[in-house]
Every structure is written in C-alpha cells, then in structure tokens.
Amino acid sequence: MSDTVRIGQAVAGSSVEIPVIGDLSRQHVAIVRQGEGYLIRPQGPTWVSGRATAEPRLLTEGDEIRLGDSFAFRFRQPHPLSATARLDF
C-alpha cells in the first residue's frame, strides 16, 4: 500500500517489493505515485517505450518498460485520475 514500489533482483535479504529472477541490479527501478501520476526512477539500465532513460520521468498508460536485457512489463493506469495502476508482465 506504499506510494513506492521497487523492482530488483531476487536475492536473499532483498528489500524490493517485486523480486525478479533475471539480469537486474538489486534495486533496479522504483515506481513512485506522485499526485495523480506515476514516476519511474531508474537505478539500472531502463527503457521506457523503446527509449533509454536514466532520469526520472512520468509514466503514461501503455508504456512498455524494459529492465536490463531480460525483463519487460507494461504500465497500466486505466483512468488518468485513478489512484491505482498495475504492471502487466
């Protein structure tokens, strides 16, 4: 129920909310609820809708997010004013 969800490598002692078995760093990316939108904060190699991004940026409905060479998912926010979103793997 936190405003921040961290995605990273599934290793013992990891403090990420979504652990992934793959070629990722321990805390590869954070997705943060910010007002009515969601901000992605990359900490490892990250692409949003085909573009490399190293800086925080707002996500939009349908953005494909790729982390490293082996993991991708789609960001879904059915309604722009909704306080909820989902990640489709």
# chains A, B, ... in the order shown; residues from 1 in each chain; ligands from 1

call {"tool": "select_by_dssp", "arguments": {"residues": "chain A", "states": "strand (DSSP E)", "output": "mmCIF file with all heavy atoms, in the first residue's frame"}}
result
data_model
loop_
_atom_site.group_PDB
_atom_site.id
_atom_site.type_symbol
_atom_site.label_atom_id
_atom_site.label_comp_id
_atom_site.auth_asym_id
_atom_site.auth_seq_id
_atom_site.Cartn_x
_atom_site.Cartn_y
_atom_site.Cartn_z
ATOM 1 N N THR A 4 5.561 3.818 -3.092
ATOM 2 C CA THR A 4 6.745 3.417 -3.848
ATOM 3 C C THR A 4 6.798 1.901 -3.972
ATOM 4 O O THR A 4 6.630 1.186 -2.986
ATOM 5 C CB THR A 4 8.031 3.917 -3.157
ATOM 6 O OG1 THR A 4 7.985 5.330 -3.046
ATOM 7 C CG2 THR A 4 9.268 3.508 -3.939
ATOM 8 N N VAL A 5 7.034 1.432 -5.195
ATOM 9 C CA VAL A 5 7.231 0.009 -5.456
ATOM 10 C C VAL A 5 8.595 -0.135 -6.115
ATOM 11 O O VAL A 5 8.865 0.501 -7.130
ATOM 12 C CB VAL A 5 6.131 -0.558 -6.389
ATOM 13 C CG1 VAL A 5 6.439 -1.986 -6.780
ATOM 14 C CG2 VAL A 5 4.774 -0.457 -5.725
ATOM 15 N N ARG A 6 9.455 -0.959 -5.508
ATOM 16 C CA ARG A 6 10.799 -1.188 -6.049
ATOM 17 C C ARG A 6 10.869 -2.560 -6.697
ATOM 18 O O ARG A 6 10.327 -3.530 -6.169
ATOM 19 C CB ARG A 6 11.836 -1.067 -4.940
ATOM 20 C CG ARG A 6 11.928 0.373 -4.414
ATOM 21 C CD ARG A 6 12.617 0.439 -3.113
ATOM 22 N NE ARG A 6 11.802 -0.348 -2.179
ATOM 23 C CZ ARG A 6 12.204 -0.709 -0.980
ATOM 24 N NH1 ARG A 6 13.383 -0.389 -0.556
ATOM 25 N NH2 ARG A 6 11.427 -1.422 -0.184
ATOM 26 N N ILE A 7 11.530 -2.603 -7.851
ATOM 27 C CA ILE A 7 11.715 -3.844 -8.586
ATOM 28 C C ILE A 7 13.211 -4.101 -8.686
ATOM 29 O O ILE A 7 13.982 -3.190 -9.009
ATOM 30 C CB ILE A 7 11.113 -3.749 -10.005
ATOM 31 C CG1 ILE A 7 9.625 -3.413 -9.922
ATOM 32 C CG2 ILE A 7 11.344 -5.038 -10.782
ATOM 33 C CD1 ILE A 7 8.997 -3.066 -11.258
ATOM 34 N N GLY A 8 13.610 -5.323 -8.380
ATOM 35 C CA GLY A 8 15.034 -5.644 -8.453
ATOM 36 C C GLY A 8 15.276 -7.134 -8.419
ATOM 37 O O GLY A 8 14.342 -7.940 -8.427
ATOM 38 N N GLN A 9 16.513 -7.488 -8.355
ATOM 39 C CA GLN A 9 16.937 -8.881 -8.400
ATOM 40 C C GLN A 9 16.440 -9.636 -7.165
ATOM 41 O O GLN A 9 16.461 -9.113 -6.047
ATOM 42 C CB GLN A 9 18.457 -8.948 -8.481
ATOM 43 C CG GLN A 9 18.987 -10.310 -8.792
ATOM 44 C CD GLN A 9 20.486 -10.261 -8.953
ATOM 45 O OE1 GLN A 9 21.197 -9.860 -8.031
ATOM 46 N NE2 GLN A 9 20.963 -10.656 -10.106
ATOM 47 N N ILE A 18 8.930 -6.178 -5.635
ATOM 48 C CA ILE A 18 8.774 -7.134 -6.734
ATOM 49 C C ILE A 18 10.149 -7.706 -7.071
ATOM 50 O O ILE A 18 10.931 -7.092 -7.795
ATOM 51 C CB ILE A 18 8.138 -6.468 -7.973
ATOM 52 C CG1 ILE A 18 6.777 -5.874 -7.609
ATOM 53 C CG2 ILE A 18 8.000 -7.484 -9.106
ATOM 54 C CD1 ILE A 18 6.108 -5.103 -8.735
ATOM 55 N N PRO A 19 10.466 -8.888 -6.511
ATOM 56 C CA PRO A 19 11.745 -9.529 -6.822
ATOM 57 C C PRO A 19 11.659 -10.270 -8.145
ATOM 58 O O PRO A 19 10.660 -10.919 -8.442
ATOM 59 C CB PRO A 19 11.949 -10.499 -5.655
ATOM 60 C CG PRO A 19 10.570 -10.793 -5.161
ATOM 61 C CD PRO A 19 9.727 -9.583 -5.467
ATOM 62 N N VAL A 20 12.703 -10.158 -8.962
ATOM 63 C CA VAL A 20 12.736 -10.766 -10.287
ATOM 64 C C VAL A 20 14.000 -11.607 -10.418
ATOM 65 O O VAL A 20 15.088 -11.163 -10.043
ATOM 66 C CB VAL A 20 12.731 -9.664 -11.383
ATOM 67 C CG1 VAL A 20 12.894 -10.269 -12.764
ATOM 68 C CG2 VAL A 20 11.472 -8.835 -11.297
ATOM 69 N N VAL A 29 14.823 -0.414 -10.249
ATOM 70 C CA VAL A 29 13.949 0.705 -10.572
ATOM 71 C C VAL A 29 12.919 0.880 -9.457
ATOM 72 O O VAL A 29 12.565 -0.080 -8.769
ATOM 73 C CB VAL A 29 13.261 0.482 -11.942
ATOM 74 C CG1 VAL A 29 12.212 -0.602 -11.870
ATOM 75 C CG2 VAL A 29 12.663 1.749 -12.493
ATOM 76 N N ALA A 30 12.470 2.111 -9.279
ATOM 77 C CA ALA A 30 11.371 2.393 -8.356
ATOM 78 C C ALA A 30 10.265 3.084 -9.145
ATOM 79 O O ALA A 30 10.536 3.902 -10.025
ATOM 80 C CB ALA A 30 11.838 3.295 -7.215
ATOM 81 N N ILE A 31 9.033 2.728 -8.832
ATOM 82 C CA ILE A 31 7.871 3.404 -9.411
ATOM 83 C C ILE A 31 7.158 4.081 -8.251
ATOM 84 O O ILE A 31 6.798 3.430 -7.262
ATOM 85 C CB ILE A 31 6.964 2.414 -10.148
ATOM 86 C CG1 ILE A 31 7.742 1.808 -11.318
ATOM 87 C CG2 ILE A 31 5.696 3.122 -10.633
ATOM 88 C CD1 ILE A 31 7.009 0.747 -12.069
ATOM 89 N N VAL A 32 6.993 5.396 -8.372
ATOM 90 C CA VAL A 32 6.504 6.210 -7.269
ATOM 91 C C VAL A 32 5.213 6.917 -7.661
ATOM 92 O O VAL A 32 5.173 7.587 -8.699
ATOM 93 C CB VAL A 32 7.573 7.260 -6.866
ATOM 94 C CG1 VAL A 32 7.093 8.090 -5.686
ATOM 95 C CG2 VAL A 32 8.896 6.595 -6.567
ATOM 96 N N ARG A 33 4.183 6.759 -6.830
ATOM 97 C CA ARG A 33 2.945 7.504 -7.058
ATOM 98 C C ARG A 33 3.216 8.960 -6.691
ATOM 99 O O ARG A 33 3.697 9.266 -5.609
ATOM 100 C CB ARG A 33 1.806 6.946 -6.214
ATOM 101 C CG ARG A 33 0.506 7.661 -6.498
ATOM 102 C CD ARG A 33 -0.692 7.093 -5.800
ATOM 103 N NE ARG A 33 -0.374 6.271 -4.656
ATOM 104 C CZ ARG A 33 -1.127 5.265 -4.246
ATOM 105 N NH1 ARG A 33 -2.217 4.945 -4.891
ATOM 106 N NH2 ARG A 33 -0.790 4.571 -3.179
ATOM 107 N N GLN A 34 2.929 9.860 -7.633
ATOM 108 C CA GLN A 34 3.188 11.277 -7.421
ATOM 109 C C GLN A 34 1.941 12.041 -7.848
ATOM 110 O O GLN A 34 1.701 12.219 -9.043
ATOM 111 C CB GLN A 34 4.407 11.714 -8.218
ATOM 112 C CG GLN A 34 4.849 13.123 -7.929
ATOM 113 C CD GLN A 34 6.163 13.430 -8.616
ATOM 114 O OE1 GLN A 34 6.472 12.926 -9.680
ATOM 115 N NE2 GLN A 34 6.943 14.300 -8.000
ATOM 116 N N GLY A 37 -0.236 10.892 -10.925
ATOM 117 C CA GLY A 37 0.550 10.120 -11.878
ATOM 118 C C GLY A 37 1.556 9.232 -11.189
ATOM 119 O O GLY A 37 1.609 9.121 -9.961
ATOM 120 N N TYR A 38 2.361 8.574 -12.014
ATOM 121 C CA TYR A 38 3.400 7.671 -11.524
ATOM 122 C C TYR A 38 4.716 8.022 -12.196
ATOM 123 O O TYR A 38 4.774 8.234 -13.397
ATOM 124 C CB TYR A 38 3.033 6.219 -11.822
ATOM 125 C CG TYR A 38 1.894 5.738 -10.960
ATOM 126 C CD1 TYR A 38 0.580 6.004 -11.317
ATOM 127 C CD2 TYR A 38 2.134 5.054 -9.779
ATOM 128 C CE1 TYR A 38 -0.471 5.585 -10.522
ATOM 129 C CE2 TYR A 38 1.096 4.630 -8.974
ATOM 130 C CZ TYR A 38 -0.207 4.898 -9.352
ATOM 131 O OH TYR A 38 -1.248 4.490 -8.557
ATOM 132 N N LEU A 39 5.752 8.071 -11.381
ATOM 133 C CA LEU A 39 7.088 8.438 -11.828
ATOM 134 C C LEU A 39 7.974 7.195 -11.752
ATOM 135 O O LEU A 39 7.917 6.447 -10.776
ATOM 136 C CB LEU A 39 7.631 9.518 -10.890
ATOM 137 C CG LEU A 39 8.967 10.139 -11.167
ATOM 138 C CD1 LEU A 39 8.851 11.073 -12.377
ATOM 139 C CD2 LEU A 39 9.433 10.922 -9.952
ATOM 140 N N ILE A 40 8.776 6.979 -12.792
ATOM 141 C CA ILE A 40 9.737 5.884 -12.756
ATOM 142 C C ILE A 40 11.111 6.472 -12.450
ATOM 143 O O ILE A 40 11.489 7.507 -13.013
ATOM 144 C CB ILE A 40 9.738 5.076 -14.075
ATOM 145 C CG1 ILE A 40 10.608 3.826 -13.907
ATOM 146 C CG2 ILE A 40 10.157 5.912 -15.265
ATOM 147 C CD1 ILE A 40 10.430 2.819 -15.010
ATOM 148 N N ARG A 41 11.814 5.833 -11.512
ATOM 149 C CA ARG A 41 13.164 6.273 -11.136
ATOM 150 C C ARG A 41 14.135 5.127 -11.381
ATOM 151 O O ARG A 41 14.283 4.234 -10.559
ATOM 152 C CB ARG A 41 13.193 6.666 -9.656
ATOM 153 C CG ARG A 41 12.433 7.913 -9.352
ATOM 154 C CD ARG A 41 12.663 8.337 -7.933
ATOM 155 N NE ARG A 41 11.926 9.550 -7.661
ATOM 156 C CZ ARG A 41 11.464 9.887 -6.494
ATOM 157 N NH1 ARG A 41 11.667 9.102 -5.455
ATOM 158 N NH2 ARG A 41 10.802 11.010 -6.336
ATOM 159 N N PRO A 42 14.792 5.144 -12.537
ATOM 160 C CA PRO A 42 15.720 4.056 -12.857
ATOM 161 C C PRO A 42 17.009 4.144 -12.050
ATOM 162 O O PRO A 42 17.507 5.227 -11.775
ATOM 163 C CB PRO A 42 16.002 4.247 -14.342
ATOM 164 C CG PRO A 42 15.503 5.592 -14.703
ATOM 165 C CD PRO A 42 14.656 6.100 -13.607
ATOM 166 N N THR A 46 17.443 0.997 -18.113
ATOM 167 C CA THR A 46 15.981 1.003 -18.227
ATOM 168 C C THR A 46 15.572 1.682 -19.524
ATOM 169 O O THR A 46 16.139 2.702 -19.903
ATOM 170 C CB THR A 46 15.358 1.762 -17.032
ATOM 171 O OG1 THR A 46 15.787 1.138 -15.814
ATOM 172 C CG2 THR A 46 13.852 1.777 -17.088
ATOM 173 N N TRP A 47 14.563 1.103 -20.194
ATOM 174 C CA TRP A 47 13.988 1.682 -21.399
ATOM 175 C C TRP A 47 12.489 1.844 -21.180
ATOM 176 O O TRP A 47 11.837 0.945 -20.656
ATOM 177 C CB TRP A 47 14.216 0.784 -22.606
ATOM 178 C CG TRP A 47 15.643 0.700 -23.021
ATOM 179 C CD1 TRP A 47 16.235 1.391 -24.029
ATOM 180 C CD2 TRP A 47 16.665 -0.110 -22.451
ATOM 181 N NE1 TRP A 47 17.568 1.058 -24.113
ATOM 182 C CE2 TRP A 47 17.854 0.131 -23.149
ATOM 183 C CE3 TRP A 47 16.686 -1.034 -21.387
ATOM 184 C CZ2 TRP A 47 19.047 -0.500 -22.833
ATOM 185 C CZ3 TRP A 47 17.878 -1.656 -21.076
ATOM 186 C CH2 TRP A 47 19.041 -1.386 -21.801
ATOM 187 N N VAL A 48 11.963 2.986 -21.571
ATOM 188 C CA VAL A 48 10.522 3.228 -21.495
ATOM 189 C C VAL A 48 10.037 3.490 -22.916
ATOM 190 O O VAL A 48 10.493 4.430 -23.572
ATOM 191 C CB VAL A 48 10.181 4.419 -20.568
ATOM 192 C CG1 VAL A 48 8.684 4.690 -20.572
ATOM 193 C CG2 VAL A 48 10.674 4.141 -19.150
ATOM 194 N N ARG A 51 12.836 3.855 -25.480
ATOM 195 C CA ARG A 51 13.870 4.884 -25.279
ATOM 196 C C ARG A 51 14.600 4.678 -23.963
ATOM 197 O O ARG A 51 13.969 4.546 -22.910
ATOM 198 C CB ARG A 51 13.249 6.277 -25.278
ATOM 199 C CG ARG A 51 12.702 6.658 -26.618
ATOM 200 C CD ARG A 51 12.228 8.061 -26.595
ATOM 201 N NE ARG A 51 11.901 8.475 -27.958
ATOM 202 C CZ ARG A 51 11.639 9.688 -28.296
ATOM 203 N NH1 ARG A 51 11.648 10.643 -27.398
ATOM 204 N NH2 ARG A 51 11.362 9.971 -29.540
ATOM 205 N N ALA A 52 15.923 4.673 -24.038
ATOM 206 C CA ALA A 52 16.717 4.549 -22.818
ATOM 207 C C ALA A 52 16.444 5.748 -21.926
ATOM 208 O O ALA A 52 16.326 6.880 -22.405
ATOM 209 C CB ALA A 52 18.202 4.479 -23.166
ATOM 210 N N ARG A 57 11.055 10.002 -14.861
ATOM 211 C CA ARG A 57 10.095 10.538 -15.819
ATOM 212 C C ARG A 57 8.713 9.987 -15.492
ATOM 213 O O ARG A 57 8.580 8.924 -14.887
ATOM 214 C CB ARG A 57 10.476 10.215 -17.248
ATOM 215 C CG ARG A 57 10.497 8.733 -17.571
ATOM 216 C CD ARG A 57 10.639 8.458 -19.022
ATOM 217 N NE ARG A 57 9.333 8.509 -19.648
ATOM 218 C CZ ARG A 57 9.093 8.221 -20.908
ATOM 219 N NH1 ARG A 57 10.079 7.873 -21.692
ATOM 220 N NH2 ARG A 57 7.895 8.274 -21.399
ATOM 221 N N LEU A 58 7.690 10.718 -15.917
ATOM 222 C CA LEU A 58 6.317 10.276 -15.703
ATOM 223 C C LEU A 58 5.973 9.149 -16.661
ATOM 224 O O LEU A 58 6.369 9.167 -17.827
ATOM 225 C CB LEU A 58 5.341 11.440 -15.907
ATOM 226 C CG LEU A 58 5.287 12.456 -14.780
ATOM 227 C CD1 LEU A 58 4.403 13.634 -15.165
ATOM 228 C CD2 LEU A 58 4.782 11.825 -13.489
ATOM 229 N N GLU A 64 5.683 0.574 -22.298
ATOM 230 C CA GLU A 64 6.395 -0.681 -22.088
ATOM 231 C C GLU A 64 7.705 -0.340 -21.392
ATOM 232 O O GLU A 64 8.444 0.547 -21.844
ATOM 233 C CB GLU A 64 6.695 -1.391 -23.396
ATOM 234 C CG GLU A 64 7.407 -2.715 -23.132
ATOM 235 C CD GLU A 64 7.840 -3.423 -24.387
ATOM 236 O OE1 GLU A 64 8.763 -2.903 -25.052
ATOM 237 O OE2 GLU A 64 7.253 -4.462 -24.683
ATOM 238 N N ILE A 65 7.984 -1.033 -20.299
ATOM 239 C CA ILE A 65 9.187 -0.782 -19.520
ATOM 240 C C ILE A 65 10.066 -2.019 -19.607
ATOM 241 O O ILE A 65 9.618 -3.125 -19.337
ATOM 242 C CB ILE A 65 8.830 -0.468 -18.055
ATOM 243 C CG1 ILE A 65 7.922 0.762 -18.010
ATOM 244 C CG2 ILE A 65 10.089 -0.269 -17.229
ATOM 245 C CD1 ILE A 65 7.223 0.963 -16.702
ATOM 246 N N ARG A 66 11.301 -1.809 -20.034
ATOM 247 C CA ARG A 66 12.259 -2.916 -20.135
ATOM 248 C C ARG A 66 13.394 -2.634 -19.178
ATOM 249 O O ARG A 66 13.984 -1.546 -19.174
ATOM 250 C CB ARG A 66 12.781 -3.067 -21.559
ATOM 251 C CG ARG A 66 13.642 -4.310 -21.724
ATOM 252 C CD ARG A 66 13.888 -4.678 -23.186
ATOM 253 N NE ARG A 66 14.451 -3.596 -23.967
ATOM 254 C CZ ARG A 66 15.762 -3.424 -24.164
ATOM 255 N NH1 ARG A 66 16.636 -4.232 -23.597
ATOM 256 N NH2 ARG A 66 16.185 -2.436 -24.906
ATOM 257 N N LEU A 67 13.711 -3.633 -18.365
ATOM 258 C CA LEU A 67 14.798 -3.534 -17.399
ATOM 259 C C LEU A 67 15.893 -4.497 -17.808
ATOM 260 O O LEU A 67 15.655 -5.690 -17.955
ATOM 261 C CB LEU A 67 14.299 -3.882 -15.995
ATOM 262 C CG LEU A 67 13.063 -3.127 -15.513
ATOM 263 C CD1 LEU A 67 12.671 -3.608 -14.120
ATOM 264 C CD2 LEU A 67 13.289 -1.628 -15.538
ATOM 265 N N PHE A 71 13.969 -8.498 -18.988
ATOM 266 C CA PHE A 71 12.701 -8.354 -18.279
ATOM 267 C C PHE A 71 11.933 -7.147 -18.795
ATOM 268 O O PHE A 71 12.476 -6.051 -18.885
ATOM 269 C CB PHE A 71 12.972 -8.204 -16.772
ATOM 270 C CG PHE A 71 11.739 -8.177 -15.938
ATOM 271 C CD1 PHE A 71 10.978 -9.315 -15.770
ATOM 272 C CD2 PHE A 71 11.339 -7.009 -15.330
ATOM 273 C CE1 PHE A 71 9.828 -9.290 -14.994
ATOM 274 C CE2 PHE A 71 10.198 -6.970 -14.555
ATOM 275 C CZ PHE A 71 9.440 -8.123 -14.383
ATOM 276 N N ALA A 72 10.656 -7.359 -19.110
ATOM 277 C CA ALA A 72 9.818 -6.261 -19.594
ATOM 278 C C ALA A 72 8.410 -6.396 -19.036
ATOM 279 O O ALA A 72 7.947 -7.495 -18.740
ATOM 280 C CB ALA A 72 9.776 -6.242 -21.114
ATOM 281 N N PHE A 73 7.745 -5.264 -18.899
ATOM 282 C CA PHE A 73 6.356 -5.253 -18.466
ATOM 283 C C PHE A 73 5.693 -3.996 -19.009
ATOM 284 O O PHE A 73 6.352 -3.099 -19.528
ATOM 285 C CB PHE A 73 6.235 -5.341 -16.942
ATOM 286 C CG PHE A 73 6.950 -4.249 -16.195
ATOM 287 C CD1 PHE A 73 6.293 -3.091 -15.823
ATOM 288 C CD2 PHE A 73 8.276 -4.382 -15.842
ATOM 289 C CE1 PHE A 73 6.939 -2.090 -15.129
ATOM 290 C CE2 PHE A 73 8.940 -3.387 -15.141
ATOM 291 C CZ PHE A 73 8.267 -2.235 -14.784
ATOM 292 N N ARG A 74 4.374 -3.954 -18.912
ATOM 293 C CA ARG A 74 3.606 -2.809 -19.407
ATOM 294 C C ARG A 74 2.928 -2.116 -18.237
ATOM 295 O O ARG A 74 2.375 -2.764 -17.358
ATOM 296 C CB ARG A 74 2.571 -3.267 -20.428
ATOM 297 C CG ARG A 74 1.937 -2.094 -21.168
ATOM 298 C CD ARG A 74 1.227 -2.525 -22.426
ATOM 299 N NE ARG A 74 2.053 -3.246 -23.375
ATOM 300 C CZ ARG A 74 2.869 -2.687 -24.269
ATOM 301 N NH1 ARG A 74 2.988 -1.380 -24.332
ATOM 302 N NH2 ARG A 74 3.551 -3.430 -25.111
ATOM 303 N N PHE A 75 2.996 -0.785 -18.237
ATOM 304 C CA PHE A 75 2.358 0.030 -17.212
ATOM 305 C C PHE A 75 0.918 0.302 -17.621
ATOM 306 O O PHE A 75 0.656 0.715 -18.747
ATOM 307 C CB PHE A 75 3.120 1.361 -17.057
ATOM 308 C CG PHE A 75 2.464 2.323 -16.119
ATOM 309 C CD1 PHE A 75 2.590 2.174 -14.752
ATOM 310 C CD2 PHE A 75 1.706 3.368 -16.608
ATOM 311 C CE1 PHE A 75 1.971 3.063 -13.885
ATOM 312 C CE2 PHE A 75 1.083 4.262 -15.756
ATOM 313 C CZ PHE A 75 1.220 4.108 -14.389
ATOM 314 N N ARG A 76 -0.014 0.078 -16.706
ATOM 315 C CA ARG A 76 -1.434 0.317 -16.974
ATOM 316 C C ARG A 76 -2.019 1.213 -15.887
ATOM 317 O O ARG A 76 -1.892 0.939 -14.703
ATOM 318 C CB ARG A 76 -2.219 -0.996 -16.988
ATOM 319 C CG ARG A 76 -1.801 -1.944 -18.067
ATOM 320 C CD ARG A 76 -2.246 -1.437 -19.395
ATOM 321 N NE ARG A 76 -1.994 -2.429 -20.421
ATOM 322 C CZ ARG A 76 -2.021 -2.160 -21.692
ATOM 323 N NH1 ARG A 76 -2.294 -0.954 -22.115
ATOM 324 N NH2 ARG A 76 -1.772 -3.094 -22.570
ATOM 325 N N ARG A 86 -1.456 -0.743 -12.543
ATOM 326 C CA ARG A 86 -0.977 -2.119 -12.481
ATOM 327 C C ARG A 86 0.167 -2.307 -13.467
ATOM 328 O O ARG A 86 0.323 -1.527 -14.404
ATOM 329 C CB ARG A 86 -2.105 -3.112 -12.725
ATOM 330 C CG ARG A 86 -2.571 -3.181 -14.137
ATOM 331 C CD ARG A 86 -3.626 -4.289 -14.303
ATOM 332 N NE ARG A 86 -3.804 -4.570 -15.693
ATOM 333 C CZ ARG A 86 -4.875 -4.220 -16.400
ATOM 334 N NH1 ARG A 86 -5.863 -3.611 -15.814
ATOM 335 N NH2 ARG A 86 -4.944 -4.510 -17.673
ATOM 336 N N LEU A 87 0.925 -3.366 -13.223
ATOM 337 C CA LEU A 87 2.029 -3.729 -14.097
ATOM 338 C C LEU A 87 1.674 -5.084 -14.696
ATOM 339 O O LEU A 87 1.447 -6.042 -13.977
ATOM 340 C CB LEU A 87 3.332 -3.825 -13.317
ATOM 341 C CG LEU A 87 3.725 -2.576 -12.535
ATOM 342 C CD1 LEU A 87 4.976 -2.855 -11.704
ATOM 343 C CD2 LEU A 87 3.938 -1.398 -13.455
ATOM 344 N N ASP A 88 1.599 -5.163 -16.034
ATOM 345 C CA ASP A 88 1.332 -6.420 -16.725
ATOM 346 C C ASP A 88 2.654 -7.013 -17.170
ATOM 347 O O ASP A 88 3.391 -6.389 -17.928
ATOM 348 C CB ASP A 88 0.441 -6.197 -17.962
ATOM 349 C CG ASP A 88 -0.971 -5.793 -17.593
ATOM 350 O OD1 ASP A 88 -1.401 -6.076 -16.465
ATOM 351 O OD2 ASP A 88 -1.642 -5.200 -18.449
#

call {"tool": "atom_distance", "arguments": {"atom1": "CA of Ser2 in chain A", "atom2": "CA of Asp23 in chain A"}}
result
25.5 Å

call {"tool": "closest_residue", "arguments": {"among": "A:Gly22, A:Glu55, A:Gly35, A:Ala85", "to": "Gly68 in chain A", "atoms": "only C-alpha atoms"}}
result
A:Gly22

call {"tool": "atom_distance", "arguments": {"atom1": "CA of Ser70 in chain A", "atom2": "CA of Thr84 in chain A"}}
result
26.3 Å

call {"tool": "atom_distance", "arguments": {"atom1": "CA of Asp69 in chain A", "atom2": "CA of Leu24 in chain A"}}
result
8.5 Å

call {"tool": "residues_around", "arguments": {"residues": "Val11 in chain A", "least_positions_apart": "4", "cutoff": "10 Å", "atoms": "only C-alpha atoms", "output": "PyMOL selection string"}}
result
chain A and resi 15-16+19-21+25-26

call {"tool": "write_last_selection", "arguments": {"atoms": "C-alpha atoms", "output": "PDB file, in the first residue's frame"}}
result
ATOM      1  CA  SER A  15      14.183  -5.179   0.206  1.00  0.00           C
ATOM      2  CA  VAL A  16      12.285  -4.864  -3.107  1.00  0.00           C
ATOM      3  CA  PRO A  19      11.745  -9.529  -6.822  1.00  0.00           C
ATOM      4  CA  VAL A  20      12.736 -10.766 -10.287  1.00  0.00           C
ATOM      5  CA  ILE A  21      14.989 -13.634 -11.271  1.00  0.00           C
ATOM      6  CA  SER A  25      20.548  -4.913 -10.108  1.00  0.00           C
ATOM      7  CA  ARG A  26      19.383  -5.393  -6.515  1.00  0.00           C
TER       8      ARG A  26
END

call {"tool": "closest_residue", "arguments": {"among": "A:Gln77, A:Phe89, A:His28, A:Ala10", "to": "Leu59 in chain A", "atoms": "only C-alpha atoms"}}
result
A:Gln77
